[in-house]
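Enquirer: So that you have it, the file is input_30.txt, and it contains compact mmCIF, C-alpha atoms and all ligand atoms:
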# COMPACT_ATOMS: atom_id res chain seq x y z
CA MET A 1 13.42 20.95 -12.10
CA THR A 2 12.24 18.01 -14.17
CA LYS A 3 11.25 14.98 -12.14
CA SER A 4 13.59 12.05 -12.76
CA THR A 5 13.02 9.57 -9.93
CA LEU A 6 9.69 7.92 -9.16
CA LEU A 7 9.11 6.37 -5.73
CA LEU A 8 5.99 4.26 -5.21
CA PHE A 9 5.19 3.44 -1.59
CA ASP A 10 3.12 0.64 -0.15
CA ILE A 11 1.21 1.74 2.99
CA ASP A 12 0.57 -1.00 5.58
CA GLY A 13 3.75 -2.39 7.12
CA THR A 14 5.82 0.06 5.06
CA LEU A 15 4.72 3.57 6.05
CA LEU A 16 2.54 2.72 9.02
CA THR A 17 0.81 0.15 11.13
CA SER A 18 -2.85 0.80 11.85
CA GLY A 19 -2.64 -1.19 15.09
CA GLY A 20 -5.10 -3.76 13.78
CA ALA A 21 -7.69 -1.17 12.65
CA GLY A 22 -7.63 -2.46 9.06
CA GLU A 23 -8.32 -6.12 9.90
CA CYS A 24 -10.90 -5.20 12.54
CA ALA A 25 -12.69 -2.98 10.01
CA LEU A 26 -12.75 -5.84 7.49
CA ARG A 27 -14.39 -8.16 10.03
CA LEU A 28 -16.87 -5.64 11.48
CA GLY A 29 -17.77 -4.15 8.11
CA PHE A 30 -18.53 -7.58 6.68
CA GLN A 31 -20.59 -8.51 9.71
CA GLU A 32 -22.54 -5.25 9.54
CA GLU A 33 -23.27 -5.50 5.81
CA PHE A 34 -23.86 -9.23 5.38
CA GLY A 35 -24.82 -10.35 8.91
CA LEU A 36 -22.10 -13.04 8.83
CA GLU A 37 -19.22 -13.69 11.23
CA GLU A 38 -15.80 -13.56 9.60
CA ASN A 39 -12.58 -14.25 11.52
CA LEU A 40 -10.28 -13.86 8.49
CA THR A 41 -8.72 -17.31 8.93
CA GLN A 42 -7.56 -18.75 5.58
CA ILE A 43 -7.70 -15.23 4.11
CA GLU A 44 -4.37 -13.91 2.84
CA ILE A 45 -4.12 -10.24 3.73
CA SER A 46 -0.47 -9.05 3.76
CA GLY A 47 0.53 -7.72 0.35
CA ARG A 48 -2.93 -8.39 -1.13
CA THR A 49 -5.37 -5.74 -2.40
CA ASP A 50 -8.57 -4.86 -0.56
CA SER A 51 -10.51 -5.88 -3.66
CA GLY A 52 -8.64 -9.22 -3.71
CA ILE A 53 -9.37 -9.72 0.00
CA ALA A 54 -13.05 -8.90 -0.58
CA ARG A 55 -13.21 -11.57 -3.29
CA GLN A 56 -11.59 -14.14 -0.96
CA VAL A 57 -14.02 -13.38 1.89
CA LEU A 58 -17.11 -13.40 -0.37
CA ALA A 59 -16.03 -16.72 -1.91
CA LYS A 60 -15.46 -18.24 1.55
CA HIS A 61 -19.13 -17.52 2.34
CA GLY A 62 -20.42 -18.68 -1.04
CA LEU A 63 -21.24 -15.13 -2.15
CA GLU A 64 -20.76 -13.87 -5.71
CA PRO A 65 -18.14 -11.15 -6.28
CA SER A 66 -20.87 -9.06 -7.96
CA GLU A 67 -20.57 -5.29 -8.26
CA GLU A 68 -23.26 -4.91 -5.60
CA ASN A 69 -21.61 -7.28 -3.10
CA LEU A 70 -18.17 -5.70 -3.61
CA HIS A 71 -19.69 -2.23 -3.13
CA ARG A 72 -21.36 -3.31 0.13
CA PHE A 73 -18.14 -4.96 1.32
CA PHE A 74 -16.10 -1.80 0.65
CA GLU A 75 -18.65 0.59 2.16
CA GLY A 76 -18.87 -1.50 5.36
CA TYR A 77 -15.09 -1.68 5.59
CA LEU A 78 -14.53 2.05 5.04
CA ARG A 79 -17.21 3.00 7.56
CA GLN A 80 -15.62 0.78 10.20
CA LEU A 81 -12.07 1.87 9.31
CA GLU A 82 -12.94 5.49 10.01
CA ARG A 83 -14.36 4.44 13.40
CA GLU A 84 -11.48 2.09 14.30
CA LEU A 85 -8.42 4.17 13.36
CA PRO A 86 -8.63 6.59 16.32
CA THR A 87 -9.20 3.74 18.80
CA ARG A 88 -6.05 1.77 17.90
CA PRO A 89 -2.40 2.18 18.87
CA GLY A 90 -1.27 2.62 15.27
CA ARG A 91 1.74 4.70 14.26
CA LEU A 92 4.10 5.65 11.51
CA LEU A 93 6.96 3.15 11.29
CA PRO A 94 10.55 4.03 12.30
CA GLY A 95 12.25 6.58 10.07
CA VAL A 96 9.21 7.13 7.84
CA LEU A 97 8.50 10.76 8.71
CA PRO A 98 12.14 11.98 8.29
CA LEU A 99 12.35 9.97 5.05
CA LEU A 100 9.15 11.48 3.59
CA ASN A 101 10.22 14.98 4.65
CA ALA A 102 13.65 14.51 3.03
CA LEU A 103 12.21 13.07 -0.19
CA SER A 104 9.50 15.73 -0.51
CA ALA A 105 12.23 18.39 -0.37
CA LEU A 106 14.04 16.90 -3.40
CA PRO A 107 12.69 18.56 -6.56
CA GLN A 108 13.76 15.68 -8.83
CA VAL A 109 11.77 13.12 -6.81
CA CYS A 110 8.14 12.22 -7.45
CA LEU A 111 6.31 10.46 -4.59
CA GLY A 112 3.33 8.20 -5.23
CA LEU A 113 1.46 5.27 -3.71
CA LEU A 114 1.28 1.71 -4.95
CA THR A 115 -0.99 0.05 -2.47
CA GLY A 116 -3.54 -2.68 -2.02
CA ASN A 117 -5.73 -0.18 -0.14
CA LEU A 118 -8.83 1.30 -1.68
CA GLU A 119 -8.16 4.95 -2.53
CA ARG A 120 -10.55 6.15 0.19
CA GLY A 121 -9.04 3.75 2.75
CA ALA A 122 -5.54 4.95 1.89
CA ALA A 123 -6.63 8.55 2.37
CA LEU A 124 -8.23 7.74 5.75
CA LYS A 125 -5.05 6.06 7.00
CA LEU A 126 -2.58 8.63 5.64
CA ARG A 127 -4.64 11.57 6.93
CA HIS A 128 -4.99 9.97 10.34
CA TYR A 129 -1.20 9.65 10.66
CA GLY A 130 -0.50 13.08 9.12
CA VAL A 131 1.35 12.12 5.91
CA HIS A 132 -1.35 12.38 3.25
CA GLY A 133 0.10 15.63 1.91
CA HIS A 134 3.27 13.89 0.71
CA PHE A 135 1.41 11.96 -2.00
CA GLN A 136 -0.30 13.52 -5.01
CA PHE A 137 -1.33 10.32 -6.76
CA GLY A 138 -1.27 6.55 -6.55
CA ALA A 139 -2.50 3.20 -7.81
CA PHE A 140 -5.06 1.48 -5.60
CA ALA A 141 -7.23 -1.61 -5.13
CA ASP A 142 -9.94 0.32 -7.01
CA ASP A 143 -7.81 0.01 -10.17
CA HIS A 144 -7.35 -3.78 -10.11
CA HIS A 145 -7.62 -6.65 -7.63
CA ASP A 146 -4.25 -8.07 -8.76
CA ARG A 147 -1.40 -6.06 -7.25
CA ASN A 148 0.90 -6.96 -10.17
CA GLN A 149 -1.35 -4.92 -12.46
CA LEU A 150 -1.09 -1.74 -10.37
CA GLY A 151 2.36 -0.56 -11.52
CA GLY A 152 1.05 0.40 -14.97
CA PHE A 153 -1.67 2.60 -13.43
CA ALA A 154 0.91 4.34 -11.21
CA LEU A 155 3.30 4.96 -14.14
CA GLN A 156 0.47 6.36 -16.27
CA ARG A 157 -0.65 8.73 -13.48
CA ALA A 158 2.95 9.86 -12.90
CA PHE A 159 3.16 10.65 -16.62
CA ASP A 160 -0.19 12.47 -16.61
CA LEU A 161 0.91 14.59 -13.64
CA HIS A 162 4.50 15.39 -14.60
CA GLY A 163 4.75 14.64 -18.33
CA VAL A 164 7.66 12.32 -17.63
CA THR A 165 8.17 8.69 -18.59
CA PHE A 166 10.29 7.51 -15.68
CA GLU A 167 13.16 5.17 -16.52
CA PRO A 168 12.91 1.70 -14.93
CA GLN A 169 16.26 2.12 -13.16
CA ARG A 170 14.89 5.31 -11.57
CA THR A 171 11.53 3.86 -10.58
CA PHE A 172 11.34 2.21 -7.16
CA VAL A 173 8.58 0.24 -5.43
CA LEU A 174 8.97 0.28 -1.65
CA GLY A 175 7.13 -2.38 0.33
CA ASP A 176 7.17 -4.87 3.18
CA THR A 177 6.12 -8.16 1.52
CA PRO A 178 7.33 -10.49 -1.24
CA HIS A 179 4.22 -9.36 -3.19
CA ASP A 180 5.64 -5.81 -3.32
CA ILE A 181 8.89 -7.19 -4.76
CA THR A 182 6.99 -9.19 -7.39
CA CYS A 183 4.87 -6.13 -8.16
CA ALA A 184 8.05 -4.04 -8.70
CA ARG A 185 9.39 -6.65 -11.13
CA ALA A 186 6.04 -6.77 -12.96
CA CYS A 187 6.38 -3.09 -13.94
CA GLY A 188 10.16 -3.17 -14.46
CA ALA A 189 10.89 -1.13 -11.34
CA LYS A 190 13.50 -1.64 -8.65
CA ALA A 191 12.33 -3.24 -5.42
CA ILE A 192 13.17 -1.77 -1.99
CA ALA A 193 12.09 -4.11 0.79
CA VAL A 194 11.61 -3.11 4.42
CA ALA A 195 11.06 -5.62 7.24
CA THR A 196 8.65 -3.51 9.31
CA GLY A 197 5.61 -5.57 8.35
CA SER A 198 4.97 -9.28 8.81
CA PHE A 199 8.06 -10.57 6.96
CA SER A 200 11.58 -10.86 8.40
CA PRO A 201 14.71 -9.60 6.60
CA GLU A 202 15.64 -13.25 5.94
CA GLN A 203 12.27 -14.02 4.35
CA LEU A 204 12.39 -10.90 2.17
CA ALA A 205 16.01 -11.59 1.13
CA GLN A 206 14.89 -14.85 -0.48
CA HIS A 207 13.01 -12.75 -3.06
CA HIS A 208 16.14 -10.77 -4.00
CA PRO A 209 15.07 -7.13 -3.61
CA ASP A 210 17.50 -4.50 -4.93
CA ALA A 211 17.88 -3.20 -1.38
CA LEU A 212 16.64 -4.47 1.98
CA PHE A 213 16.27 -2.57 5.25
CA ALA A 214 15.26 -3.66 8.75
CA ASP A 215 13.46 -0.30 8.90
CA PHE A 216 13.86 3.15 7.33
CA SER A 217 15.69 4.74 10.29
CA ASN A 218 19.08 4.99 8.52
CA LEU A 219 18.11 7.94 6.31
CA PRO A 220 21.45 8.36 4.44
CA ALA A 221 21.50 4.63 3.55
CA VAL A 222 17.90 4.70 2.29
CA LEU A 223 18.54 7.82 0.21
CA ARG A 224 21.62 6.17 -1.33
CA ALA A 225 19.61 3.07 -2.23
CA LEU A 226 17.11 5.37 -3.99
CA GLY A 227 19.92 6.97 -6.00
CA GLN A 228 19.77 10.22 -4.02
CA HIS A 229 23.37 11.03 -3.09
CA ASP A 230 24.19 14.03 -0.99
MG MG B 301 2.25 -3.77 3.03
What's the structure tokens form of this structure?
Ligand SMILES: [Mg+2]
Expert:
Amino acid sequence: MTKSTLLLFDIDGTLLTSGGAGECALRLGFQEEFGLEENLTQIEISGRTDSGIARQVLAKHGLEPSEENLHRFFEGYLRQLERELPTRPGRLLPGVLPLLNALSALPQVCLGLLTGNLERGAALKLRHYGVHGHFQFGAFADDHHDRNQLGGFALQRAFDLHGVTFEPQRTFVLGDTPHDITCARACGAKAIAVATGSFSPEQLAQHHPDALFADFSNLPAVLRALGQHD
């Protein structure tokens, strides 16, 4: 069956929480690579890309966002992330596993990632929590440091994979922050907000998503919002 619906998932706060492994890896990786303490105060993390976060941290310490410094930042982070993930009480968020299983069984649905994670960081997290196999492609922090630019990369990869130009009304960005909603608008997609990250339903509602959930545990309601009627 031809694919007709494209779903692009954010990772942190939407699919899973790493139990603090991500932020700890940012701090420890930076310390290991640059020999500098970083407590991540005044650094905006939620909804931002890893490459955007790297630029913020480097600037805070007066370091240039050169290719070499960004490479060192990312390598330190990824090394620490692999170490930290198994030591933290992270988990998939409520309803995520039944939702991914249900969506993966629908032949008309194409699942992808639209995330601020580096591609290798995304793979580490998704493998650790057992859901990597649901996603064949994505757009990542490697593509651009501005999240609002990532939708175009995801749409192009969906086309390359399936030969389909997905209609805007059948393209959904699912995420836990106002930045995910803005990112959906930037590529003409519908925005599905979920309050399992660091923003409340009330805060997310102010940004007018097309649908808003406290979490993904009401599977029939989520499927309806994604245009998948039974
Ligand atoms: Mg998120």
Enquirer: Could you list the protein, DNA and RNA residues that have any atom within 9 Å of ligand MG 301 (chain B), counting all atoms listed in the file, and write them as a PyMOL selection string?
Expert: chain A and resi 10-16+46-48+115-116+175-177+179-180+196-198
Enquirer: Which residue out of A:Pro178, A:Gly76, A:Gly188, A:Gly62 has the minimum interatomic distance to A:Leu212 when only C-alpha atoms are used?
Expert: A:Pro178
Enquirer: For A:Ala221, which residue among A:Gly95, A:Pro107, A:Glu82, A:Leu114 is the nearest when counting only C-alpha atoms?
Expert: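 Nearest candidate to A:Ala221 out of A:Gly95, A:Pro107, A:Glu82, A:Leu114: A:Gly95.
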Enquirer: Given the point (-11.7, 5.5, 13.7) in the coordinates of this file, which residues lie within 12 Å, counting only C-alpha atoms, and how would they look as JSON, numbers by chain?
Expert: {"A": [18, 19, 20, 21, 22, 24, 25, 77, 78, 79, 80, 81, 82, 83, 84, 85, 86, 87, 88, 89, 90, 121, 124, 125, 127, 128, 129]}
Enquirer: How many Å separate atom CA of A:Leu113 from atom CA of A:Ala205?
Expert: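 Distance reported for this atom pair: 22.8 Å.
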Enquirer: Mind listing as a ChimeraX atom specification all residues within 10 Å of (11.4, -13.8, 2.0), counting all atoms listed in the file?
Expert: /A:176-179,181,193,195,199-209
Enquirer: If you count all atoms listed in the file, which residues fall within 9 Å of A:Phe166, apart from same-chain ones fewer than 5 positions away, as a VMD selection string?
Expert: chain A and resid 3 to 6 155 158 to 159 171
Enquirer: Using all atoms listed in the file, which of the listed residues (A:Pro94, A:Gly35, A:Pro168, A:Gly151) sits closest to A:Gly112?
Expert: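 Checking each candidate against A:Gly112, we get A:Gly151 as the closest.
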Enquirer: Excluding same-chain residues fewer than 4 positions from stretch 142-145 of chain A, what lies within 6 Å of it counting all atoms listed in the file, as a PyMOL selection string?
Expert: chain A and resi 49+51-52+118
Enquirer: Just the residues within 12 Å of A:Lys60, please, counting all atoms listed in the file, with nothing from its chain fewer than 2 positions along; format it as number ranges by chain.
Expert: A: 36-44, 53-58, 62-65
Enquirer: Taking into account all atoms listed in the file, which residue in the set A:Ala122, A:Leu8, A:Leu99, A:Ala105 is nearest to A:Gly152?
Expert: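 For A:Gly152, the nearest of the given residues is A:Leu8.
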Enquirer: Would you mind reading off the distance between atom CA of A:Leu100 and atom CA of A:Ser217, one decimal, in Å?
Expert: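 Distance between the two atoms: 11.5 Å.
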Enquirer: Show me, as an mmCIF file with C-alpha atoms, keeping the file's coordinate frame, the residues that have an atom within 7 Å of A:Val173 when counting only C-alpha atoms, minus same-chain residues fewer than 5 positions from it.
Expert:
data_model
loop_
_atom_site.group_PDB
_atom_site.id
_atom_site.type_symbol
_atom_site.label_atom_id
_atom_site.label_comp_id
_atom_site.auth_asym_id
_atom_site.auth_seq_id
_atom_site.Cartn_x
_atom_site.Cartn_y
_atom_site.Cartn_z
ATOM 1 C CA LEU A 7 9.110 6.370 -5.730
ATOM 2 C CA LEU A 8 5.990 4.260 -5.210
ATOM 3 C CA PHE A 9 5.190 3.440 -1.590
ATOM 4 C CA ALA A 184 8.050 -4.040 -8.700
ATOM 5 C CA ALA A 189 10.890 -1.130 -11.340
ATOM 6 C CA LYS A 190 13.500 -1.640 -8.650
ATOM 7 C CA ALA A 191 12.330 -3.240 -5.420
ATOM 8 C CA ILE A 192 13.170 -1.770 -1.990
#
